[in-house]
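Here's coords.txt, which has compact mmCIF, C-alpha atoms:
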```
# COMPACT_ATOMS: atom_id res chain seq x y z
CA MET O 1 -28.55 -24.92 -35.99
CA LEU O 2 -26.58 -26.29 -33.06
CA ALA O 3 -23.31 -25.67 -34.89
CA ALA O 4 -24.18 -22.02 -35.41
CA GLY O 5 -24.86 -21.64 -31.70
CA VAL O 6 -21.51 -23.15 -30.79
CA GLY O 7 -19.69 -20.97 -33.32
CA GLY O 8 -21.34 -17.82 -32.01
CA GLN O 9 -20.45 -18.81 -28.46
CA SER O 10 -16.79 -19.30 -29.34
CA GLU O 11 -16.70 -15.88 -30.99
CA ARG O 12 -18.15 -14.32 -27.82
CA LEU O 13 -15.59 -16.18 -25.69
CA ALA O 14 -12.77 -15.05 -27.96
CA GLY O 15 -14.05 -11.48 -27.65
CA ARG O 16 -14.09 -11.80 -23.85
CA ARG O 17 -10.57 -13.17 -23.84
CA ARG O 18 -9.35 -10.25 -25.92
CA LYS O 19 -11.12 -7.82 -23.62
CA MET O 20 -9.64 -9.47 -20.52
CA ALA O 21 -6.14 -9.30 -21.99
CA VAL O 22 -6.51 -5.58 -22.60
CA GLU O 23 -7.95 -4.97 -19.13
CA SER O 24 -5.13 -6.85 -17.41
CA ARG O 25 -2.39 -4.68 -18.90
CA VAL O 26 -2.32 -2.24 -15.97
CA THR O 27 1.31 -1.65 -15.02
CA GLN O 28 2.70 -1.08 -11.56
CA GLU O 29 3.58 2.49 -12.60
CA GLU O 30 -0.05 3.22 -13.45
CA ILE O 31 -1.15 1.85 -10.09
CA LYS O 32 1.35 4.11 -8.31
CA LYS O 33 0.14 7.13 -10.28
CA GLU O 34 -3.42 6.81 -9.00
CA PRO O 35 -4.20 10.13 -7.33
CA GLU O 36 -4.15 10.07 -3.56
CA LYS O 37 -7.27 11.24 -1.82
CA PRO O 38 -6.59 14.75 -0.54
CA ILE O 39 -6.54 15.09 3.23
CA ASP O 40 -8.34 18.06 4.75
CA ARG O 41 -5.92 18.99 7.52
CA GLU O 42 -8.57 21.22 9.11
CA LYS O 43 -10.96 18.29 9.57
CA THR O 44 -8.61 15.30 9.88
CA CYS O 45 -6.90 14.51 13.16
CA PRO O 46 -3.10 14.23 12.78
CA LEU O 47 -1.23 11.04 13.60
CA LEU O 48 1.72 10.67 15.94
CA LEU O 49 4.78 9.89 13.82
CA ARG O 50 7.65 8.41 15.83
CA VAL O 51 10.87 9.37 14.05
CA PHE O 52 14.33 8.03 14.87
CA THR O 53 17.41 9.76 13.50
CA THR O 54 21.09 9.03 13.16
CA ASN O 55 23.76 11.49 12.07
CA ASN O 56 26.23 8.92 10.74
CA GLY O 57 24.48 8.29 7.40
CA ARG O 58 23.29 4.79 8.36
CA HIS O 59 19.89 3.59 9.54
CA HIS O 60 19.42 2.05 12.96
CA ARG O 61 19.93 -1.70 13.25
CA MET O 62 16.68 -3.67 13.48
CA ASP O 63 17.75 -5.21 16.80
CA GLU O 64 17.54 -1.69 18.30
CA PHE O 65 13.75 -1.95 17.85
CA SER O 66 13.41 -5.39 19.45
CA ARG O 67 11.53 -6.44 22.60
CA GLY O 68 9.66 -3.17 23.00
CA ASN O 69 12.85 -1.09 22.90
CA VAL O 70 13.45 1.80 20.53
CA PRO O 71 16.55 3.93 19.83
CA SER O 72 17.02 6.93 22.11
CA SER O 73 17.07 9.52 19.31
CA GLU O 74 13.29 9.81 19.06
CA LEU O 75 11.36 12.77 17.69
CA GLN O 76 7.59 12.80 17.99
CA ILE O 77 5.88 14.66 15.19
CA TYR O 78 2.17 15.19 14.73
CA THR O 79 1.45 15.11 11.01
CA TRP O 80 -0.82 13.65 8.35
CA MET O 81 -0.51 10.80 5.85
CA ASP O 82 -0.03 13.32 3.03
CA ALA O 83 3.13 14.74 4.63
CA THR O 84 5.94 14.88 2.06
CA LEU O 85 9.55 13.90 2.66
CA LYS O 86 10.55 17.56 2.12
CA GLU O 87 8.03 18.66 4.75
CA LEU O 88 9.38 16.07 7.22
CA THR O 89 12.93 17.19 6.40
CA SER O 90 12.09 20.77 7.36
CA LEU O 91 10.58 19.61 10.67
CA VAL O 92 13.73 17.61 11.50
CA LYS O 93 15.90 20.63 10.61
CA GLU O 94 13.97 22.74 13.14
CA VAL O 95 15.11 20.37 15.90
CA TYR O 96 18.68 19.73 14.66
CA PRO O 97 20.33 23.02 13.62
CA GLU O 98 23.42 21.17 12.33
CA ALA O 99 21.19 19.44 9.74
CA ARG O 100 20.30 22.82 8.20
CA LYS O 101 23.62 23.05 6.35
CA LYS O 102 23.27 23.03 2.59
CA GLY O 103 24.06 19.59 1.21
CA THR O 104 22.97 17.63 4.29
CA HIS O 105 21.47 14.35 3.07
CA PHE O 106 18.35 12.74 4.62
CA ASN O 107 17.62 9.09 3.78
CA PHE O 108 14.13 7.92 4.86
CA ALA O 109 13.03 4.40 5.75
CA ILE O 110 9.85 2.93 7.19
CA VAL O 111 10.37 0.47 10.07
CA PHE O 112 7.45 -1.90 10.53
CA THR O 113 6.63 -5.14 12.30
CA ASP O 114 7.08 -8.25 10.20
CA PRO O 115 3.78 -10.18 10.11
CA LYS O 116 5.55 -13.42 9.11
CA ARG O 117 8.12 -13.60 11.89
CA PRO O 118 9.00 -11.78 15.11
CA GLY O 119 10.86 -8.51 14.81
CA TYR O 120 10.96 -5.55 12.49
CA ARG O 121 11.73 -4.94 8.84
CA VAL O 122 12.94 -1.80 7.11
CA LYS O 123 11.93 -0.36 3.74
CA GLU O 124 13.94 2.54 2.32
CA ILE O 125 11.51 4.97 0.72
CA GLY O 126 13.48 7.99 -0.50
CA SER O 127 15.87 10.80 0.23
CA THR O 128 16.11 14.58 0.32
CA MET O 129 18.95 17.09 0.54
CA SER O 130 19.09 20.48 2.22
CA GLY O 131 19.28 23.27 -0.32
CA ARG O 132 18.61 21.05 -3.34
CA LYS O 133 15.43 19.90 -5.06
CA GLY O 134 15.15 16.17 -5.57
CA THR O 135 12.88 13.62 -7.18
CA ASP O 136 11.69 12.29 -3.80
CA ASP O 137 10.77 15.67 -2.27
CA SER O 138 7.05 15.34 -3.00
CA MET O 139 6.79 11.66 -1.99
CA THR O 140 4.22 11.17 0.77
CA LEU O 141 3.92 8.70 3.63
CA GLN O 142 0.64 7.51 2.14
CA SER O 143 2.20 6.83 -1.28
CA GLN O 144 4.78 4.57 0.38
CA LYS O 145 2.16 2.47 2.20
CA PHE O 146 3.05 3.89 5.62
CA GLN O 147 0.64 2.60 8.26
CA ILE O 148 -0.19 4.22 11.58
CA GLY O 149 2.05 2.49 14.14
CA ASP O 150 5.05 2.21 11.80
CA TYR O 151 8.22 4.12 12.66
CA LEU O 152 10.23 6.44 10.41
CA ASP O 153 14.01 6.10 10.50
CA ILE O 154 16.04 8.95 9.01
CA ALA O 155 19.76 8.55 8.34
CA ILE O 156 21.26 12.05 8.24
CA THR O 157 24.58 12.54 6.49
CA PRO O 158 26.49 15.84 6.95
CA PRO O 159 27.40 17.65 3.72
CA ASN O 160 31.11 16.91 3.97
CA ARG O 161 30.58 13.13 3.98
CA ALA O 162 29.18 11.05 1.14
CA PRO O 163 26.11 8.99 2.04
CA PRO O 164 26.38 5.21 1.87
CA PRO O 165 25.86 3.88 -1.69
CA SER O 166 22.25 2.74 -1.09
CA ALA O 167 21.35 6.19 0.26
CA ARG O 168 22.50 8.43 -2.59
CA LEU O 169 20.12 10.80 -4.33
CA ARG O 170 18.93 9.50 -7.67
CA PRO O 171 20.06 11.53 -10.69
CA TYR O 172 17.35 13.45 -12.51
```

Represent the structure from my file as structure tokens, please.
Amino acid sequence: MLAAGVGGQSERLAGRRRKMAVESRVTQEEIKKEPEKPIDREKTCPLLLRVFTTNNGRHHRMDEFSRGNVPSSELQIYTWMDATLKELTSLVKEVYPEARKKGTHFNFAIVFTDPKRPGYRVKEIGSTMSGRKGTDDSMTLQSQKFQIGDYLDIAITPPNRAPPPSARLRPY
């Protein structure tokens, strides 16, 4: 009788192990595809997004953000966490008419404080191009783990110059 109890228990444990193995097969892609909670822009207060731009195709150096300093090319945009890169591109183009030219490349990066050591870190999140649809157009700040207080750095490359290799649009 004791042997039957042990055997039944091992079968239950084996069943649990199989179930756990199936449950743990969630991929990073599936996690990223979880739908974002929609933001009601009528009821949700916008955040202040501090945006820094360059027109040489390269992001600002991290030392330009040190000791309370920030680069001088600051735009302040009131927006929401569901703002897309294409939406932010159009807001930047309103301020910089030269960036409206077809083929102008916008490479986006989040600049955030490093919790492990003093200073800032940068995370490239995507790119857009004036006059062309791209795979990153619908990417949102929220989907890239942007947090209120982070900065957005946009490297703008004019259409007649190729962006740096790390900032090229991905092929479809």

Review point. Which residues come within 10 Å of Arg161 in chain O, counting only C-alpha atoms, excluding same-chain residues fewer than 5 positions away, as a PyMOL selection string?
Key: chain O and resi 56-57+103-105

Could you give me, as a PDB file with C-alpha atoms, in the coordinates of the input, the residues within 9 Å of Ile39 in chain O, counting only C-alpha atoms and dropping anything in the same chain fewer than 5 positions from it?
```pdb
ATOM      1  CA  THR O  44      -8.610  15.300   9.880  1.00  0.00           C
ATOM      2  CA  TRP O  80      -0.820  13.650   8.350  1.00  0.00           C
ATOM      3  CA  MET O  81      -0.510  10.800   5.850  1.00  0.00           C
ATOM      4  CA  ASP O  82      -0.030  13.320   3.030  1.00  0.00           C
TER       5      ASP O  82
END
```

Check your understanding: To one decimal place, how far is CA of Thr113 in chain O from CA of Asp150 in chain O in Å?
Key ->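 The value is 7.5 Å.
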
Practice item. Mind giving me the straight-line distance from CA of Ser127 in chain O to CA of Lys101 in chain O in Å, one decimal? Key: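 Between CA of Ser127 in chain O and CA of Lys101 in chain O the gap works out to 15.7 Å.
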
Exercise for review: Record the distance separating CA of Phe106 in chain O and CA of Val122 in chain O, expressed in Å with one decimal.
Suggested key: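 Distance reported for this atom pair: 15.7 Å.
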
Check your understanding: Which residue, O:Ser73, O:Ser66, O:Thr54, O:Thr84, has the smallest gap to Asp136 in chain O when you use all atoms listed in the file?
Key ->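 Using all atoms listed in the file, the shortest distance to Asp136 in chain O belongs to O:Thr84.
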
**Study point:** Shortest interatomic distance to Ile154 in chain O - which of O:Ala99, O:Met62, O:Ala109, O:Leu49, counting all atoms listed in the file
**Key:**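 For Ile154 in chain O, the nearest of the candidates is O:Ala109.
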
Practice item. Find the spatial neighbours of Ile110 in chain O, counting only C-alpha atoms, within a cut-off of 8 Å - ignore same-chain residues fewer than 2 positions away - and output them as a VMD selection string. Key: chain O and resid 108 112 122 to 125 146 150 to 153

Exercise for review: For each of O:Lys37, O:Arg50, O:Lys43, O:Arg67, take the minimum atom-to-atom distance to Pro118 in chain O, counting all atoms listed in the file, then give the residue where this is smallest.
Suggested key: O:Arg67

Only N, CA and C atoms needed: put range 38-71 of chain O from the block into a file as a CSV table (one decimal), in the first residue's frame.
```csv
chain,number,residue,atom,x,y,z
O,38,PRO,N,-3.9,50.9,-23.3
O,38,PRO,CA,-4.1,52.1,-24.0
O,38,PRO,C,-4.1,53.3,-23.0
O,39,ILE,N,-3.6,54.4,-23.5
O,39,ILE,CA,-3.6,55.6,-22.7
O,39,ILE,C,-4.7,56.6,-23.2
O,40,ASP,N,-5.6,57.0,-22.3
O,40,ASP,CA,-6.6,57.9,-22.7
O,40,ASP,C,-6.0,59.3,-22.5
O,41,ARG,N,-5.7,59.9,-23.7
O,41,ARG,CA,-5.0,61.2,-23.7
O,41,ARG,C,-5.9,62.4,-23.2
O,42,GLU,N,-7.2,62.1,-23.1
O,42,GLU,CA,-8.1,63.1,-22.6
O,42,GLU,C,-8.1,63.1,-21.1
O,43,LYS,N,-7.8,62.0,-20.5
O,43,LYS,CA,-7.8,61.9,-19.0
O,43,LYS,C,-6.5,61.8,-18.4
O,44,THR,N,-5.4,61.5,-19.2
O,44,THR,CA,-4.1,61.3,-18.6
O,44,THR,C,-3.3,62.5,-18.8
O,45,CYS,N,-2.6,63.0,-17.8
O,45,CYS,CA,-1.8,64.2,-17.9
O,45,CYS,C,-0.5,63.8,-18.7
O,46,PRO,N,-0.1,64.7,-19.6
O,46,PRO,CA,1.1,64.4,-20.4
O,46,PRO,C,2.4,64.5,-19.5
O,47,LEU,N,3.5,63.9,-20.0
O,47,LEU,CA,4.8,64.1,-19.3
O,47,LEU,C,5.6,65.0,-20.1
O,48,LEU,N,6.6,65.6,-19.4
O,48,LEU,CA,7.5,66.5,-20.0
O,48,LEU,C,8.7,65.6,-20.5
O,49,LEU,N,8.9,65.6,-21.9
O,49,LEU,CA,9.9,64.8,-22.5
O,49,LEU,C,11.0,65.8,-22.9
O,50,ARG,N,12.2,65.6,-22.3
O,50,ARG,CA,13.3,66.5,-22.6
O,50,ARG,C,14.1,65.8,-23.7
O,51,VAL,N,14.1,66.4,-24.9
O,51,VAL,CA,14.7,65.8,-26.1
O,51,VAL,C,16.0,66.6,-26.5
O,52,PHE,N,17.1,66.0,-26.8
O,52,PHE,CA,18.3,66.6,-27.2
O,52,PHE,C,18.6,66.1,-28.6
O,53,THR,N,18.9,67.0,-29.5
O,53,THR,CA,19.1,66.6,-30.9
O,53,THR,C,20.5,67.0,-31.4
O,54,THR,N,21.0,66.3,-32.3
O,54,THR,CA,22.3,66.7,-33.1
O,54,THR,C,21.9,66.6,-34.5
O,55,ASN,N,22.6,67.3,-35.4
O,55,ASN,CA,22.4,67.2,-36.8
O,55,ASN,C,23.6,66.7,-37.5
O,56,ASN,N,24.5,65.9,-36.8
O,56,ASN,CA,25.6,65.4,-37.4
O,56,ASN,C,25.6,63.8,-37.5
O,57,GLY,N,24.4,63.3,-37.2
O,57,GLY,CA,24.2,61.8,-37.3
O,57,GLY,C,24.7,61.0,-36.1
O,58,ARG,N,25.3,61.7,-35.1
O,58,ARG,CA,25.8,61.0,-33.9
O,58,ARG,C,25.1,61.5,-32.7
O,59,HIS,N,25.0,60.6,-31.7
O,59,HIS,CA,24.3,60.9,-30.4
O,59,HIS,C,25.3,61.8,-29.6
O,60,HIS,N,24.8,62.5,-28.7
O,60,HIS,CA,25.6,63.2,-27.7
O,60,HIS,C,26.5,62.3,-26.9
O,61,ARG,N,27.7,62.8,-26.5
O,61,ARG,CA,28.5,62.0,-25.6
O,61,ARG,C,27.9,62.0,-24.2
O,62,MET,N,28.1,60.9,-23.5
O,62,MET,CA,27.5,60.8,-22.2
O,62,MET,C,28.1,61.8,-21.2
O,63,ASP,N,29.3,62.3,-21.4
O,63,ASP,CA,29.9,63.3,-20.5
O,63,ASP,C,29.2,64.6,-20.7
O,64,GLU,N,28.4,64.8,-21.8
O,64,GLU,CA,27.7,66.1,-21.9
O,64,GLU,C,26.5,66.1,-21.0
O,65,PHE,N,26.1,65.0,-20.4
O,65,PHE,CA,25.0,64.9,-19.4
O,65,PHE,C,25.5,64.8,-18.0
O,66,SER,N,26.8,65.0,-17.8
O,66,SER,CA,27.3,64.8,-16.4
O,66,SER,C,27.2,66.0,-15.5
O,67,ARG,N,27.2,65.8,-14.2
O,67,ARG,CA,27.2,66.8,-13.2
O,67,ARG,C,26.1,67.9,-13.3
O,68,GLY,N,24.9,67.4,-13.7
O,68,GLY,CA,23.7,68.3,-13.8
O,68,GLY,C,23.7,69.1,-15.1
O,69,ASN,N,24.7,68.9,-15.9
O,69,ASN,CA,24.7,69.6,-17.2
O,69,ASN,C,23.9,68.8,-18.3
O,70,VAL,N,23.4,69.5,-19.3
O,70,VAL,CA,22.8,68.8,-20.4
O,70,VAL,C,23.2,69.6,-21.7
O,71,PRO,N,23.2,68.9,-22.8
O,71,PRO,CA,23.5,69.6,-24.1
O,71,PRO,C,22.6,70.8,-24.3
```
